[in-house]
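Shown next: query-v5.pdb, given as PDB, C-alpha atoms.
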MODEL        1
ATOM      1  CA  MET A   1       0.000   0.000   0.000
ATOM      2  CA  GLU A   2       1.195   3.491  -0.817
ATOM      3  CA  LEU A   3       0.840   4.857   2.698
ATOM      4  CA  LEU A   4       2.743   2.049   4.377
ATOM      5  CA  ALA A   5       5.389   2.064   1.657
ATOM      6  CA  HIS A   6       5.829   5.778   2.269
ATOM      7  CA  ALA A   7       6.041   5.352   6.030
ATOM      8  CA  ALA A   8       8.682   2.661   5.570
ATOM      9  CA  ARG A   9      10.609   4.428   2.812
ATOM     10  CA  ASP A  10      13.879   4.562   4.728
ATOM     11  CA  GLY A  11      13.965   0.798   4.885
ATOM     12  CA  ALA A  12      13.633   0.915   8.655
ATOM     13  CA  ALA A  13      10.538   0.012  10.594
ATOM     14  CA  PRO A  14       7.601   2.159   9.523
ATOM     15  CA  ASP A  15       7.523   5.489  11.296
ATOM     16  CA  LEU A  16       4.378   4.891  13.274
ATOM     17  CA  ASN A  17       3.671   8.545  13.890
ATOM     18  CA  VAL A  18       3.871   9.293  10.157
ATOM     19  CA  LEU A  19       1.425   6.453   9.666
ATOM     20  CA  LEU A  20      -0.975   7.561  12.427
ATOM     21  CA  ALA A  21      -0.901  11.189  11.276
ATOM     22  CA  GLN A  22      -1.935  10.143   7.782
ATOM     23  CA  VAL A  23      -4.896   8.066   8.921
ATOM     24  CA  PRO A  24      -7.582  10.751   9.295
ATOM     25  CA  TYR A  25      -9.541   9.104  12.107
ATOM     26  CA  CYS A  26      -6.362   8.382  14.115
ATOM     27  CA  ALA A  27      -5.280  12.003  13.656
ATOM     28  CA  TRP A  28      -8.744  13.164  14.765
ATOM     29  CA  LEU A  29      -8.416  11.046  17.935
ATOM     30  CA  GLY A  30      -4.942  12.525  18.519
ATOM     31  CA  LEU A  31      -3.173   9.142  18.562
ATOM     32  CA  THR A  32       0.614   8.957  18.700
ATOM     33  CA  ALA A  33       3.003   6.050  19.259
ATOM     34  CA  ARG A  34       6.457   5.463  20.647
ATOM     35  CA  VAL A  35       8.676   2.449  21.084
ATOM     36  CA  ALA A  36       9.507   1.785  24.719
ATOM     37  CA  ASP A  37      11.252  -1.302  26.114
ATOM     38  CA  GLY A  38      11.015  -3.006  22.744
ATOM     39  CA  ARG A  39       7.277  -2.585  22.371
ATOM     40  CA  VAL A  40       4.986  -0.016  20.814
ATOM     41  CA  VAL A  41       2.945   2.117  23.213
ATOM     42  CA  PHE A  42       0.068   4.152  21.805
ATOM     43  CA  GLU A  43      -0.995   7.366  23.495
ATOM     44  CA  MET A  44      -4.263   9.310  23.311
ATOM     45  CA  PRO A  45      -4.445  12.649  25.135
ATOM     46  CA  PHE A  46      -7.783  13.472  26.689
ATOM     47  CA  ALA A  47     -10.016  15.841  24.713
ATOM     48  CA  PRO A  48     -13.618  16.913  25.446
ATOM     49  CA  LYS A  49     -14.819  15.425  22.129
ATOM     50  CA  LEU A  50     -13.956  11.931  23.434
ATOM     51  CA  ILE A  51     -16.545  12.079  26.227
ATOM     52  CA  GLY A  52     -19.367   9.541  26.260
ATOM     53  CA  ASN A  53     -20.716  10.213  29.731
ATOM     54  CA  PRO A  54     -20.607  13.898  30.678
ATOM     55  CA  VAL A  55     -21.608  13.293  34.309
ATOM     56  CA  ILE A  56     -18.511  11.338  35.406
ATOM     57  CA  PRO A  57     -16.984  12.463  32.893
ATOM     58  CA  ALA A  58     -15.894   9.294  31.106
ATOM     59  CA  ILE A  59     -14.386   8.544  27.713
ATOM     60  CA  HIS A  60     -16.858   6.938  25.267
ATOM     61  CA  GLY A  61     -16.729   3.156  24.926
ATOM     62  CA  GLY A  62     -16.393   3.613  21.178
ATOM     63  CA  VAL A  63     -13.266   5.726  21.664
ATOM     64  CA  ILE A  64     -11.837   2.967  23.868
ATOM     65  CA  GLY A  65     -12.609   0.461  21.123
ATOM     66  CA  SER A  66     -11.044   2.748  18.518
ATOM     67  CA  LEU A  67      -7.798   3.104  20.498
ATOM     68  CA  LEU A  68      -7.591  -0.652  21.131
ATOM     69  CA  GLU A  69      -8.402  -1.595  17.538
ATOM     70  CA  THR A  70      -5.811   0.857  16.227
ATOM     71  CA  ALA A  71      -3.189  -0.541  18.619
ATOM     72  CA  ALA A  72      -4.003  -4.082  17.475
ATOM     73  CA  LEU A  73      -3.940  -3.164  13.789
ATOM     74  CA  VAL A  74      -0.759  -1.090  13.859
ATOM     75  CA  GLN A  75       1.030  -3.676  16.016
ATOM     76  CA  THR A  76       0.102  -6.239  13.358
ATOM     77  CA  VAL A  77       1.578  -4.008  10.639
ATOM     78  CA  TRP A  78       4.704  -3.526  12.788
ATOM     79  CA  ASP A  79       5.219  -7.236  13.503
ATOM     80  CA  THR A  80       4.358  -8.619  10.058
ATOM     81  CA  LYS A  81       5.864  -5.708   8.062
ATOM     82  CA  ALA A  82       2.618  -5.735   6.084
ATOM     83  CA  GLN A  83       2.490  -3.488   3.056
ATOM     84  CA  SER A  84      -1.259  -3.046   3.306
ATOM     85  CA  PHE A  85      -3.631  -2.618   6.247
ATOM     86  CA  PRO A  86      -4.894  -5.877   7.752
ATOM     87  CA  LYS A  87      -8.691  -6.201   7.696
ATOM     88  CA  PRO A  88     -10.512  -6.559  11.021
ATOM     89  CA  VAL A  89     -12.586  -9.757  11.114
ATOM     90  CA  ASP A  90     -13.971  -9.611  14.637
ATOM     91  CA  ILE A  91     -13.125  -7.952  17.918
ATOM     92  CA  THR A  92     -14.330  -8.352  21.489
ATOM     93  CA  ILE A  93     -13.833  -5.501  23.922
ATOM     94  CA  ASP A  94     -13.954  -6.097  27.677
ATOM     95  CA  TYR A  95     -14.688  -2.943  29.650
ATOM     96  CA  LEU A  96     -12.980  -3.280  33.027
ATOM     97  CA  ARG A  97     -12.983   0.202  34.560
ATOM     98  CA  THR A  98     -14.275   3.671  33.805
ATOM     99  CA  ALA A  99     -11.989   5.591  31.425
ATOM    100  CA  ARG A 100     -11.614   8.958  33.108
ATOM    101  CA  ALA A 101     -10.811  12.319  31.539
ATOM    102  CA  ALA A 102      -7.080  11.604  31.374
ATOM    103  CA  THR A 103      -4.400  10.500  28.928
ATOM    104  CA  SER A 104      -4.887   6.906  27.792
ATOM    105  CA  PHE A 105      -2.308   4.362  26.658
ATOM    106  CA  ALA A 106      -2.543   1.076  24.793
ATOM    107  CA  SER A 107      -0.294  -1.731  23.664
ATOM    108  CA  ALA A 108      -0.916  -4.921  21.736
ATOM    109  CA  THR A 109       0.684  -8.317  21.229
ATOM    110  CA  LEU A 110       0.136 -10.899  18.536
ATOM    111  CA  ALA A 111      -1.026 -13.991  20.393
ATOM    112  CA  ARG A 112      -0.883 -16.066  17.235
ATOM    113  CA  GLN A 113       0.449 -15.177  13.810
ATOM    114  CA  GLY A 114      -0.743 -17.418  11.037
ATOM    115  CA  ARG A 115      -0.131 -17.067   7.340
ATOM    116  CA  ARG A 116      -3.491 -15.395   6.705
ATOM    117  CA  VAL A 117      -4.954 -14.499  10.084
ATOM    118  CA  VAL A 118      -3.510 -13.020  13.265
ATOM    119  CA  ASN A 119      -5.016 -13.144  16.753
ATOM    120  CA  VAL A 120      -4.188  -9.961  18.642
ATOM    121  CA  HIS A 121      -4.645  -8.983  22.288
ATOM    122  CA  ALA A 122      -4.590  -5.303  23.245
ATOM    123  CA  THR A 123      -4.781  -3.532  26.593
ATOM    124  CA  MET A 124      -5.658   0.052  27.478
ATOM    125  CA  TRP A 125      -4.717   1.821  30.698
ATOM    126  CA  GLN A 126      -4.498   5.329  32.106
ATOM    127  CA  ASP A 127      -2.274   6.162  35.107
ATOM    128  CA  ASP A 128      -1.458   2.574  36.140
ATOM    129  CA  GLU A 129      -0.762  -0.161  33.601
ATOM    130  CA  ALA A 130      -1.470  -2.755  36.299
ATOM    131  CA  ARG A 131      -5.076  -1.482  36.434
ATOM    132  CA  PRO A 132      -6.265  -1.824  32.820
ATOM    133  CA  VAL A 133      -9.326   0.130  31.713
ATOM    134  CA  ALA A 134     -10.212  -2.212  28.865
ATOM    135  CA  GLY A 135      -8.937  -5.122  26.815
ATOM    136  CA  LEU A 136      -9.461  -6.344  23.268
ATOM    137  CA  ARG A 137      -9.138  -9.673  21.542
ATOM    138  CA  GLY A 138      -9.454  -9.671  17.800
ATOM    139  CA  HIS A 139      -8.725 -11.415  14.526
ATOM    140  CA  PHE A 140      -7.283  -9.573  11.556
ATOM    141  CA  LEU A 141      -6.910 -10.847   8.019
ATOM    142  CA  LEU A 142      -3.527 -10.214   6.435
ATOM    143  CA  ALA A 143      -4.048  -8.878   2.924
TER     144      ALA A 143
ATOM    145  CA  MET B 144     -38.634  12.241  36.563
ATOM    146  CA  SER B 145     -41.609  12.327  34.274
ATOM    147  CA  ASP B 146     -44.241   9.615  34.282
ATOM    148  CA  ASN B 147     -44.815  10.227  30.617
ATOM    149  CA  PRO B 148     -42.812   7.611  28.689
ATOM    150  CA  SER B 149     -42.743   9.553  25.451
ATOM    151  CA  GLU B 150     -41.395  12.622  27.214
ATOM    152  CA  MET B 151     -38.762  10.422  28.803
ATOM    153  CA  MET B 152     -37.854   9.077  25.374
ATOM    154  CA  GLN B 153     -37.604  12.597  24.005
ATOM    155  CA  ARG B 154     -35.153  13.455  26.757
ATOM    156  CA  PHE B 155     -33.096  10.373  25.978
ATOM    157  CA  ALA B 156     -32.928  11.341  22.324
ATOM    158  CA  ALA B 157     -32.020  14.930  23.142
ATOM    159  CA  ALA B 158     -29.355  13.802  25.591
ATOM    160  CA  SER B 159     -27.903  11.366  23.111
ATOM    161  CA  GLN B 160     -27.582  13.971  20.402
ATOM    162  CA  GLY B 161     -26.485  16.938  22.447
ATOM    163  CA  GLY B 162     -24.932  15.267  25.465
ATOM    164  CA  THR B 163     -22.586  12.753  23.918
ATOM    165  CA  ALA B 164     -19.680  14.759  22.679
ATOM    166  CA  PHE B 165     -18.137  11.816  20.851
ATOM    167  CA  MET B 166     -21.273  11.138  18.760
ATOM    168  CA  SER B 167     -21.577  14.860  17.953
ATOM    169  CA  GLY B 168     -17.913  14.898  16.987
ATOM    170  CA  LEU B 169     -18.361  11.981  14.621
ATOM    171  CA  GLY B 170     -21.438  13.672  13.149
ATOM    172  CA  ALA B 171     -23.886  10.919  14.134
ATOM    173  CA  GLN B 172     -27.560  11.585  14.813
ATOM    174  CA  VAL B 173     -30.397   9.591  16.325
ATOM    175  CA  ILE B 174     -33.024   9.169  13.608
ATOM    176  CA  ALA B 175     -35.519   6.872  15.368
ATOM    177  CA  PHE B 176     -36.007   5.602  18.879
ATOM    178  CA  ALA B 177     -38.469   3.644  20.950
ATOM    179  CA  PRO B 178     -38.098   1.794  24.241
ATOM    180  CA  GLY B 179     -35.497  -0.899  23.584
ATOM    181  CA  ARG B 180     -34.701   0.141  20.042
ATOM    182  CA  ASN B 181     -32.533   2.909  18.667
ATOM    183  CA  THR B 182     -31.479   3.888  15.140
ATOM    184  CA  MET B 183     -28.599   6.247  14.363
ATOM    185  CA  ARG B 184     -27.080   7.503  11.151
ATOM    186  CA  LEU B 185     -23.579   8.740  10.411
ATOM    187  CA  PRO B 186     -22.935  10.639   7.166
ATOM    188  CA  TYR B 187     -19.620   9.911   5.456
ATOM    189  CA  ALA B 188     -16.980  12.500   6.327
ATOM    190  CA  PRO B 189     -13.200  12.839   5.850
ATOM    191  CA  HIS B 190     -12.338  12.628   9.563
ATOM    192  CA  ILE B 191     -13.796   9.116  10.041
ATOM    193  CA  VAL B 192     -11.593   7.496   7.379
ATOM    194  CA  GLY B 193      -9.325   4.669   8.548
ATOM    195  CA  ASN B 194      -7.678   3.817   5.255
ATOM    196  CA  PRO B 195      -6.674   6.926   3.302
ATOM    197  CA  ASP B 196      -5.841   4.901   0.193
ATOM    198  CA  THR B 197      -9.328   3.427  -0.123
ATOM    199  CA  GLY B 198     -11.436   5.908   1.879
ATOM    200  CA  VAL B 199     -12.872   3.067   3.990
ATOM    201  CA  VAL B 200     -14.176   4.183   7.402
ATOM    202  CA  HIS B 201     -12.149   3.115  10.486
ATOM    203  CA  GLY B 202     -13.543   0.033  12.240
ATOM    204  CA  GLY B 203     -13.478   1.925  15.531
ATOM    205  CA  VAL B 204     -16.065   4.361  14.173
ATOM    206  CA  ILE B 205     -18.469   1.487  13.528
ATOM    207  CA  THR B 206     -17.687   0.049  16.969
ATOM    208  CA  GLY B 207     -18.500   3.440  18.494
ATOM    209  CA  LEU B 208     -21.817   3.722  16.694
ATOM    210  CA  LEU B 209     -22.838   0.195  17.658
ATOM    211  CA  ASP B 210     -21.807   0.761  21.299
ATOM    212  CA  GLN B 211     -23.905   3.922  21.423
ATOM    213  CA  ALA B 212     -26.925   2.384  19.660
ATOM    214  CA  CYS B 213     -26.924  -0.715  21.889
ATOM    215  CA  GLY B 214     -26.411   1.372  25.034
ATOM    216  CA  MET B 215     -29.268   3.702  24.102
ATOM    217  CA  ALA B 216     -31.549   0.773  23.349
ATOM    218  CA  VAL B 217     -30.795  -0.690  26.773
ATOM    219  CA  GLY B 218     -31.192   2.705  28.464
ATOM    220  CA  THR B 219     -34.588   3.373  26.919
ATOM    221  CA  ALA B 220     -35.753  -0.192  27.671
ATOM    222  CA  LEU B 221     -34.800   0.209  31.337
ATOM    223  CA  ALA B 222     -36.455   3.622  31.522
ATOM    224  CA  ALA B 223     -39.671   2.246  30.029
ATOM    225  CA  ALA B 224     -39.659  -0.740  32.411
ATOM    226  CA  ARG B 225     -39.129   1.445  35.481
ATOM    227  CA  GLN B 226     -41.955   1.387  38.006
ATOM    228  CA  ASP B 227     -43.083   4.438  39.945
ATOM    229  CA  GLY B 228     -40.866   5.016  42.969
ATOM    230  CA  GLU B 229     -38.012   2.837  41.709
ATOM    231  CA  PRO B 230     -34.599   4.489  41.545
ATOM    232  CA  MET B 231     -33.205   5.492  38.173
ATOM    233  CA  ARG B 232     -30.876   2.867  36.808
ATOM    234  CA  GLY B 233     -27.780   3.404  34.734
ATOM    235  CA  ILE B 234     -25.731   0.948  32.727
ATOM    236  CA  ALA B 235     -22.092   0.009  32.319
ATOM    237  CA  THR B 236     -20.886  -1.946  29.279
ATOM    238  CA  LEU B 237     -19.322  -5.273  30.253
ATOM    239  CA  ASP B 238     -18.311  -6.365  26.786
ATOM    240  CA  LEU B 239     -18.979  -5.702  23.157
ATOM    241  CA  ARG B 240     -18.289  -8.079  20.294
ATOM    242  CA  ILE B 241     -18.226  -6.794  16.724
ATOM    243  CA  ASP B 242     -18.219  -8.952  13.585
ATOM    244  CA  TYR B 243     -17.022  -6.986  10.569
ATOM    245  CA  LEU B 244     -18.896  -8.764   7.786
ATOM    246  CA  ARG B 245     -17.515  -6.586   4.998
ATOM    247  CA  ALA B 246     -15.791  -3.243   4.554
ATOM    248  CA  ALA B 247     -18.029  -0.182   4.597
ATOM    249  CA  LYS B 248     -18.447   1.467   1.200
ATOM    250  CA  PRO B 249     -16.755   4.896   1.109
ATOM    251  CA  HIS B 250     -18.906   7.996   0.552
ATOM    252  CA  ALA B 251     -22.061   6.306   1.876
ATOM    253  CA  ASP B 252     -23.953   6.918   5.135
ATOM    254  CA  ILE B 253     -23.785   4.248   7.825
ATOM    255  CA  THR B 254     -26.967   3.359   9.699
ATOM    256  CA  VAL B 255     -26.889   1.403  12.958
ATOM    257  CA  VAL B 256     -29.766  -0.196  14.839
ATOM    258  CA  GLY B 257     -29.427  -1.261  18.462
ATOM    259  CA  GLU B 258     -31.988  -3.527  20.144
ATOM    260  CA  CYS B 259     -32.385  -4.590  23.728
ATOM    261  CA  VAL B 260     -33.129  -8.316  23.704
ATOM    262  CA  LYS B 261     -33.349  -9.224  27.414
ATOM    263  CA  ILE B 262     -33.411  -7.452  30.753
ATOM    264  CA  THR B 263     -32.552  -9.520  33.817
ATOM    265  CA  ARG B 264     -32.179  -8.342  37.404
ATOM    266  CA  GLN B 265     -28.564  -7.298  36.981
ATOM    267  CA  ILE B 266     -27.603  -7.829  33.341
ATOM    268  CA  VAL B 267     -29.057  -6.601  30.026
ATOM    269  CA  PHE B 268     -28.340  -8.155  26.628
ATOM    270  CA  ALA B 269     -28.370  -6.226  23.344
ATOM    271  CA  ARG B 270     -27.792  -6.796  19.655
ATOM    272  CA  GLY B 271     -26.811  -4.299  17.003
ATOM    273  CA  ARG B 272     -26.269  -4.159  13.269
ATOM    274  CA  ALA B 273     -24.844  -1.667  10.811
ATOM    275  CA  PHE B 274     -25.790  -1.296   7.145
ATOM    276  CA  GLN B 275     -25.525   1.201   4.324
ATOM    277  CA  ASP B 276     -28.301   0.768   1.800
ATOM    278  CA  GLU B 277     -32.000  -0.013   1.556
ATOM    279  CA  SER B 278     -31.462  -3.753   1.426
ATOM    280  CA  GLU B 279     -30.149  -3.398   5.019
ATOM    281  CA  GLU B 280     -27.559  -6.055   4.247
ATOM    282  CA  PRO B 281     -25.336  -5.791   7.335
ATOM    283  CA  ILE B 282     -21.734  -4.618   7.183
ATOM    284  CA  ALA B 283     -21.238  -5.329  10.897
ATOM    285  CA  LEU B 284     -23.037  -7.086  13.772
ATOM    286  CA  ALA B 285     -22.716  -6.364  17.474
ATOM    287  CA  THR B 286     -23.383  -8.311  20.662
ATOM    288  CA  GLY B 287     -23.316  -6.221  23.810
ATOM    289  CA  THR B 288     -23.713  -7.122  27.481
ATOM    290  CA  PHE B 289     -24.452  -4.444  30.053
ATOM    291  CA  MET B 290     -24.546  -4.335  33.835
ATOM    292  CA  ILE B 291     -27.273  -2.376  35.593
ATOM    293  CA  THR B 292     -25.913   0.258  37.947
ATOM    294  CA  GLU B 293     -27.571   2.605  40.405
ATOM    295  CA  ILE B 294     -27.527   6.274  39.510
ATOM    296  CA  ARG B 295     -26.636   8.343  42.548
ATOM    297  CA  MET B 296     -28.145  11.796  42.328
ATOM    298  CA  GLY B 297     -26.055  14.647  43.700
TER     299      GLY B 297
ENDMDL
END

Let's see the structure in the file written out as structure tokens.
Amino acid sequence: MELLAHAARDGAAPDLNVLLAQVPYCAWLGLTARVADGRVVFEMPFAPKLIGNPVIPAIHGGVIGSLLETAALVQTVWDTKAQSFPKPVDITIDYLRTARAATSFASATLARQGRRVVNVHATMWQDDEARPVAGLRGHFLLA
Amino acid sequence: MSDNPSEMMQRFAAASQGGTAFMSGLGAQVIAFAPGRNTMRLPYAPHIVGNPDTGVVHGGVITGLLDQACGMAVGTALAAARQDGEPMRGIATLDLRIDYLRAAKPHADITVVGECVKITRQIVFARGRAFQDESEEPIALATGTFMITEIRMG
């Protein structure tokens, strides 16, 4: 794919922030990524437009799903060096705690990498990684 | 709280359109609602694209719509089932499963329908589907499970 080829043009691993900035919805969510301790950590600063429950206030469950699905998808691109975006087949999101009005983080691991399909687990947290806000399991089809 | 169910439903619809910043930000609107059933529509827009090469909408957008539609369906079902004198009940999503049956067509509206299928004492079950044209052939299906919570006023 043109976008991934561009992001990887230096022959190194794709520059994930170039990639995220060029995906309109990821840019709208404000997602960035960095590599820390050999793994990719995704970051989403809080913004009022992310609110789903104004009383608490809490981040919308769909935003949580969007962060987790992006982490799973981009981690798959990173690990498989895919040249096109994998296609989501199914995802299950477990909501564990309220996502407060604070910066959120996510990371993902490929639990199983087949030739055509990957099984990915992703976790989202806020101030304490040991107290996850939500988790995702999903299957993605490698193009 | 009003004893008039339709007024209650109107408030739910108003709250869902004006009170949920994320849905407003996406550009989604409630187009039909009844106790236990909610329909929303999202017009295609540049900021919801997940694949800039193809223009296909990000899966997370569809997840968000289905989460909202299922949650609203459960919320309106609980409100309609509430007896006089009972406390208001809120909901928390336990889990949400999405099957992406096929990629959404670019430049076309997405419609989602959420339906409450069963209320138990503590847990509520919902189903949702997303489609794009009149045939209503689904592009995605959702299964959501919600826990009933107490709303503390003040």

Interface, chain A side, toward chain B (8 Å; all atoms listed in the file) as a PyMOL selection string:
chain A and resi 1-3+22-26+28+48-54+60-63+65-67+69-70+85+88-96

I need the residues from that last selection saved to file as a short mmCIF file (atom, residue, chain, number, x, y, z; two decimals), keeping the file's coordinate frame (with C-alpha atoms), if you can.
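As written to disk, selection_16.cif reads:
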data_model
loop_
_atom_site.label_atom_id
_atom_site.label_comp_id
_atom_site.auth_asym_id
_atom_site.auth_seq_id
_atom_site.Cartn_x
_atom_site.Cartn_y
_atom_site.Cartn_z
CA MET A 1 0.00 0.00 0.00
CA GLU A 2 1.20 3.49 -0.82
CA LEU A 3 0.84 4.86 2.70
CA GLN A 22 -1.94 10.14 7.78
CA VAL A 23 -4.90 8.07 8.92
CA PRO A 24 -7.58 10.75 9.30
CA TYR A 25 -9.54 9.10 12.11
CA CYS A 26 -6.36 8.38 14.12
CA TRP A 28 -8.74 13.16 14.76
CA PRO A 48 -13.62 16.91 25.45
CA LYS A 49 -14.82 15.42 22.13
CA LEU A 50 -13.96 11.93 23.43
CA ILE A 51 -16.55 12.08 26.23
CA GLY A 52 -19.37 9.54 26.26
CA ASN A 53 -20.72 10.21 29.73
CA PRO A 54 -20.61 13.90 30.68
CA HIS A 60 -16.86 6.94 25.27
CA GLY A 61 -16.73 3.16 24.93
CA GLY A 62 -16.39 3.61 21.18
CA VAL A 63 -13.27 5.73 21.66
CA GLY A 65 -12.61 0.46 21.12
CA SER A 66 -11.04 2.75 18.52
CA LEU A 67 -7.80 3.10 20.50
CA GLU A 69 -8.40 -1.60 17.54
CA THR A 70 -5.81 0.86 16.23
CA PHE A 85 -3.63 -2.62 6.25
CA PRO A 88 -10.51 -6.56 11.02
CA VAL A 89 -12.59 -9.76 11.11
CA ASP A 90 -13.97 -9.61 14.64
CA ILE A 91 -13.12 -7.95 17.92
CA THR A 92 -14.33 -8.35 21.49
CA ILE A 93 -13.83 -5.50 23.92
CA ASP A 94 -13.95 -6.10 27.68
CA TYR A 95 -14.69 -2.94 29.65
CA LEU A 96 -12.98 -3.28 33.03
#

Using atom CA of Gly135 of chain A and atom CA of Gly233 of chain B as the two end points, give the distance in Å to one decimal.
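Atom-to-atom, atom CA of Gly135 of chain A to atom CA of Gly233 of chain B, that is 22.1 Å.
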
Identify, on the basis of all atoms listed in the file, every residue whose closest approach to Ala71 of chain A does not exceed 12 Å; exclude the query and any residue fewer than 6 positions from it along the same chain; express the result as a ChimeraX atom specification.
/A:16,20,26,31-34,39-44,64-65,77-79,104-110,120-124,135-138 /B:203

Residues matched by the PyMOL selection byres ((chain A and resi 100) around 7) as number ranges by chain
A: 57-59, 98-99, 101-102

Selection under test: the PyMOL selection byres ((chain B and resi 176-181) around 7); residues as a list in words
Ala175, Thr182, Met183, Ala212, Met215, Ala216, Val217, Thr219, Ala220, Ala223, Val256, Gly257, Glu258 and Cys259 of chain B

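When atom CA of Ala251 of chain B is paired with atom CA of Ala188 of chain B, their separation reads 9.2 Å.
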
For segment 180-193 of chain B, I'd like the enclosing box, axis-aligned and padded by 8 Å on every side, reported as AutoDock Vina command-line options with centre and edge lengths in Å to one decimal.
--center_x -22.0 --center_y 6.5 --center_z 12.7 --size_x 41.4 --size_y 28.7 --size_z 30.6

Between A:Ser84, A:Gln113, A:Thr103, A:Thr76, which is the closest to Val133 of chain A once you count only C-alpha atoms?
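Going through A:Ser84, A:Gln113, A:Thr103, A:Thr76 one by one, the smallest distance to Val133 of chain A is for A:Thr103.
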
Please compute the atom CA of Val117 of chain A-atom CA of Lys248 of chain B distance, one decimal, in Å.
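We find that atom CA of Val117 of chain A and atom CA of Lys248 of chain B lie 22.7 Å from each other.
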
Given the choices A:Leu19, A:Gln126, A:Leu68, A:Lys87, which gets closest to Phe46 of chain A if the distance is worked out from only C-alpha atoms?
A:Gln126

A:Val118, A:Gly30, A:Ala130, A:Ala111 ranked by distance to Leu73 of chain A, top pick (using all atoms listed in the file):
A:Val118

Can you fill out segment 19-30 of chain A with N, CA and C atoms and hand it back as a PDB file, in the frame of the given file?
ATOM      1  N   LEU A  19       2.579   7.272  10.032  1.00  0.00           N
ATOM      2  CA  LEU A  19       1.425   6.453   9.666  1.00  0.00           C
ATOM      3  C   LEU A  19       0.154   6.969  10.350  1.00  0.00           C
ATOM      4  N   LEU A  20       0.220   7.147  11.680  1.00  0.00           N
ATOM      5  CA  LEU A  20      -0.975   7.561  12.427  1.00  0.00           C
ATOM      6  C   LEU A  20      -1.461   8.936  11.982  1.00  0.00           C
ATOM      7  N   ALA A  21      -0.513   9.832  11.684  1.00  0.00           N
ATOM      8  CA  ALA A  21      -0.901  11.189  11.276  1.00  0.00           C
ATOM      9  C   ALA A  21      -1.611  11.186   9.930  1.00  0.00           C
ATOM     10  N   GLN A  22      -1.336  10.169   9.115  1.00  0.00           N
ATOM     11  CA  GLN A  22      -1.935  10.143   7.782  1.00  0.00           C
ATOM     12  C   GLN A  22      -3.234   9.350   7.728  1.00  0.00           C
ATOM     13  N   VAL A  23      -3.583   8.717   8.844  1.00  0.00           N
ATOM     14  CA  VAL A  23      -4.896   8.066   8.921  1.00  0.00           C
ATOM     15  C   VAL A  23      -5.841   9.083   9.557  1.00  0.00           C
ATOM     16  N   PRO A  24      -6.792   9.622   8.792  1.00  0.00           N
ATOM     17  CA  PRO A  24      -7.582  10.751   9.295  1.00  0.00           C
ATOM     18  C   PRO A  24      -8.245  10.509  10.649  1.00  0.00           C
ATOM     19  N   TYR A  25      -8.839   9.350  10.837  1.00  0.00           N
ATOM     20  CA  TYR A  25      -9.541   9.104  12.107  1.00  0.00           C
ATOM     21  C   TYR A  25      -8.560   9.027  13.276  1.00  0.00           C
ATOM     22  N   CYS A  26      -7.376   8.452  13.053  1.00  0.00           N
ATOM     23  CA  CYS A  26      -6.362   8.382  14.115  1.00  0.00           C
ATOM     24  C   CYS A  26      -5.855   9.776  14.452  1.00  0.00           C
ATOM     25  N   ALA A  27      -5.694  10.618  13.425  1.00  0.00           N
ATOM     26  CA  ALA A  27      -5.280  12.003  13.656  1.00  0.00           C
ATOM     27  C   ALA A  27      -6.360  12.753  14.433  1.00  0.00           C
ATOM     28  N   TRP A  28      -7.619  12.502  14.084  1.00  0.00           N
ATOM     29  CA  TRP A  28      -8.744  13.164  14.765  1.00  0.00           C
ATOM     30  C   TRP A  28      -8.779  12.776  16.246  1.00  0.00           C
ATOM     31  N   LEU A  29      -8.448  11.502  16.541  1.00  0.00           N
ATOM     32  CA  LEU A  29      -8.416  11.046  17.935  1.00  0.00           C
ATOM     33  C   LEU A  29      -7.171  11.562  18.666  1.00  0.00           C
ATOM     34  N   GLY A  30      -6.174  12.011  17.911  1.00  0.00           N
ATOM     35  CA  GLY A  30      -4.942  12.525  18.519  1.00  0.00           C
ATOM     36  C   GLY A  30      -3.952  11.430  18.891  1.00  0.00           C
TER      37      GLY A  30
END
